[in-house]
Amino acid sequence: MRRIVIALIVAVALIVAVDFAAASAAEYQVSKQMRERLSLPGDPDVRITGFPFLLQAVKGDYPKVDVYAQKLTVGDLHNVGVHALLYHVHLPFSDVLRGNVQGLTVEDVQGSVLITKDDLSRQLPGVTDLHVETVNADDMDKAKRNSEDAAPESSVSGSTPEKSEEHTSELQSHHDLV
């Protein structure tokens, strides 16, 4: 009986190890393909969440994929970070392994863009004193309550402060009018 229990524990450990290895291989392939196809300066961080990965792969439906790319150049901005959460990514595992992303579909995307203080300062030449600080939940709630007075094309809906200071920041600028 003891040998059966040990054998089951070893089998489960092997299955879990194979599952994590397969997820890692898929994340690597997706990252490599994104770098090549989008001409990124480096491999983006890609994490396919959920367990077991192999079950997701068989279904071709990955409930949540987390992608983070940094040090991107966009126009005059030279150090942009992009964080995207992709929900229900549909792509057969065989295509993932081959690097074929032509049939990839995504049901929903949430994302944020990180612009460094230096890049932002270059875009705001009239601003003489720029401070970048962390946004907290109370500040976001206040901004949402005050958004009724905002221009029709502006919005703060769907914004949530991240726990990490590098992902969301509040900009306070003081502009000296002459």
# chains A, B, ... in the order shown; residues from 1 in each chain; ligands from 1

call {"tool": "select_by_dssp", "arguments": {"residues": "chain A", "states": "strand (DSSP E or B)", "output": "number ranges by chain"}}
result
A: 45-48, 61-74, 77-90, 105-114, 129-133, 170-174

call {"tool": "residues_around", "arguments": {"residues": "stretch 14-23 of chain A", "least_positions_apart": "5", "cutoff": "9 Å", "atoms": "only C-alpha atoms", "output": "list in words"}}
result
Ile9, Tyr28, Arg47, Ile48, Thr49, Phe51, Pro52, Phe53, Leu54 and Ala57 of chain A

call {"tool": "write_last_selection", "arguments": {"atoms": "C-alpha atoms", "output": "PDB file, in the first residue's frame"}}
result
ATOM      1  CA  ILE A   9       2.731  11.131  -5.287  1.00  0.00           C
ATOM      2  CA  TYR A  28       8.749  31.556 -24.291  1.00  0.00           C
ATOM      3  CA  ARG A  47       2.630  34.703 -18.235  1.00  0.00           C
ATOM      4  CA  ILE A  48      -0.174  32.304 -19.067  1.00  0.00           C
ATOM      5  CA  THR A  49      -2.074  32.005 -15.823  1.00  0.00           C
ATOM      6  CA  PHE A  51      -3.769  25.563 -13.792  1.00  0.00           C
ATOM      7  CA  PRO A  52      -3.601  23.076 -15.327  1.00  0.00           C
ATOM      8  CA  PHE A  53      -2.019  24.669 -18.369  1.00  0.00           C
ATOM      9  CA  LEU A  54      -2.244  21.525 -20.491  1.00  0.00           C
ATOM     10  CA  ALA A  57      -3.872  24.136 -24.243  1.00  0.00           C
TER      11      ALA A  57
END

call {"tool": "atom_distance", "arguments": {"atom1": "atom CA of A:Gly81", "atom2": "atom CA of A:Gln33"}}
result
18.2 Å

call {"tool": "residues_around", "arguments": {"residues": "stretch 59-66 of chain A", "least_positions_apart": "2", "cutoff": "6 Å", "atoms": "only C-alpha atoms", "output": "PyMOL selection string"}}
result
chain A and resi 46-49+56-57+85-92

call {"tool": "write_last_selection", "arguments": {"atoms": "N, CA and C atoms", "output": "mmCIF file, in the first residue's frame"}}
result
data_model
loop_
_atom_site.group_PDB
_atom_site.id
_atom_site.type_symbol
_atom_site.label_atom_id
_atom_site.label_comp_id
_atom_site.auth_asym_id
_atom_site.auth_seq_id
_atom_site.Cartn_x
_atom_site.Cartn_y
_atom_site.Cartn_z
ATOM 1 N N VAL A 46 5.763 37.307 -20.580
ATOM 2 C CA VAL A 46 4.470 36.707 -20.876
ATOM 3 C C VAL A 46 4.197 35.639 -19.819
ATOM 4 N N ARG A 47 3.019 35.712 -19.218
ATOM 5 C CA ARG A 47 2.630 34.703 -18.235
ATOM 6 C C ARG A 47 1.226 34.218 -18.577
ATOM 7 N N ILE A 48 1.131 32.929 -18.825
ATOM 8 C CA ILE A 48 -0.174 32.304 -19.067
ATOM 9 C C ILE A 48 -0.621 31.764 -17.720
ATOM 10 N N THR A 49 -1.655 32.379 -17.169
ATOM 11 C CA THR A 49 -2.074 32.005 -15.823
ATOM 12 C C THR A 49 -3.064 30.851 -15.862
ATOM 13 N N GLN A 56 -5.891 23.861 -20.593
ATOM 14 C CA GLN A 56 -6.163 25.073 -21.356
ATOM 15 C C GLN A 56 -5.664 24.903 -22.796
ATOM 16 N N ALA A 57 -4.470 24.311 -22.921
ATOM 17 C CA ALA A 57 -3.872 24.136 -24.243
ATOM 18 C C ALA A 57 -4.722 23.220 -25.113
ATOM 19 N N LEU A 85 -3.506 42.800 -19.920
ATOM 20 C CA LEU A 85 -4.138 41.580 -19.442
ATOM 21 C C LEU A 85 -5.106 41.134 -20.533
ATOM 22 N N LEU A 86 -4.836 39.995 -21.114
ATOM 23 C CA LEU A 86 -5.665 39.465 -22.192
ATOM 24 C C LEU A 86 -6.557 38.374 -21.604
ATOM 25 N N TYR A 87 -7.849 38.484 -21.850
ATOM 26 C CA TYR A 87 -8.791 37.510 -21.296
ATOM 27 C C TYR A 87 -9.366 36.645 -22.417
ATOM 28 N N HIS A 88 -9.372 35.367 -22.186
ATOM 29 C CA HIS A 88 -9.860 34.352 -23.126
ATOM 30 C C HIS A 88 -9.177 34.476 -24.485
ATOM 31 N N VAL A 89 -7.899 34.172 -24.447
ATOM 32 C CA VAL A 89 -7.098 34.117 -25.667
ATOM 33 C C VAL A 89 -7.366 32.757 -26.306
ATOM 34 N N HIS A 90 -7.757 32.765 -27.556
ATOM 35 C CA HIS A 90 -8.067 31.523 -28.266
ATOM 36 C C HIS A 90 -6.978 31.250 -29.303
ATOM 37 N N LEU A 91 -6.262 30.143 -29.102
ATOM 38 C CA LEU A 91 -5.222 29.715 -30.027
ATOM 39 C C LEU A 91 -4.863 28.268 -29.707
ATOM 40 N N PRO A 92 -4.945 27.373 -30.683
ATOM 41 C CA PRO A 92 -4.588 25.989 -30.423
ATOM 42 C C PRO A 92 -3.123 25.857 -29.990
#

call {"tool": "select_by_dssp", "arguments": {"residues": "stretch 5-166 of chain A", "states": "alpha helix (DSSP H)", "output": "PyMOL selection string"}}
result
chain A and resi 5-38+53-59+93-98+117-123+137-146

call {"tool": "atom_distance", "arguments": {"atom1": "atom CA of A:Gln110", "atom2": "atom CA of A:Val82"}}
result
10.8 Å

call {"tool": "closest_atom_pairs", "arguments": {"of": "stretch 23-108 of chain A", "to": "stretch 120-138 of chain A", "cutoff": "12 Å", "atoms": "only C-alpha atoms", "output": "JSON lines"}}
result
{"residue": "A:Gly75", "atom": "CA", "partner": "A:Gln123", "partner_atom": "CA", "distance": 10.8}
{"residue": "A:Asp76", "atom": "CA", "partner": "A:Gln123", "partner_atom": "CA", "distance": 8.1}
{"residue": "A:Leu77", "atom": "CA", "partner": "A:Leu120", "partner_atom": "CA", "distance": 7.9}
{"residue": "A:His78", "atom": "CA", "partner": "A:Leu120", "partner_atom": "CA", "distance": 10.1}
{"residue": "A:Asn79", "atom": "CA", "partner": "A:Leu120", "partner_atom": "CA", "distance": 10.2}
{"residue": "A:Val80", "atom": "CA", "partner": "A:Leu120", "partner_atom": "CA", "distance": 10.2}
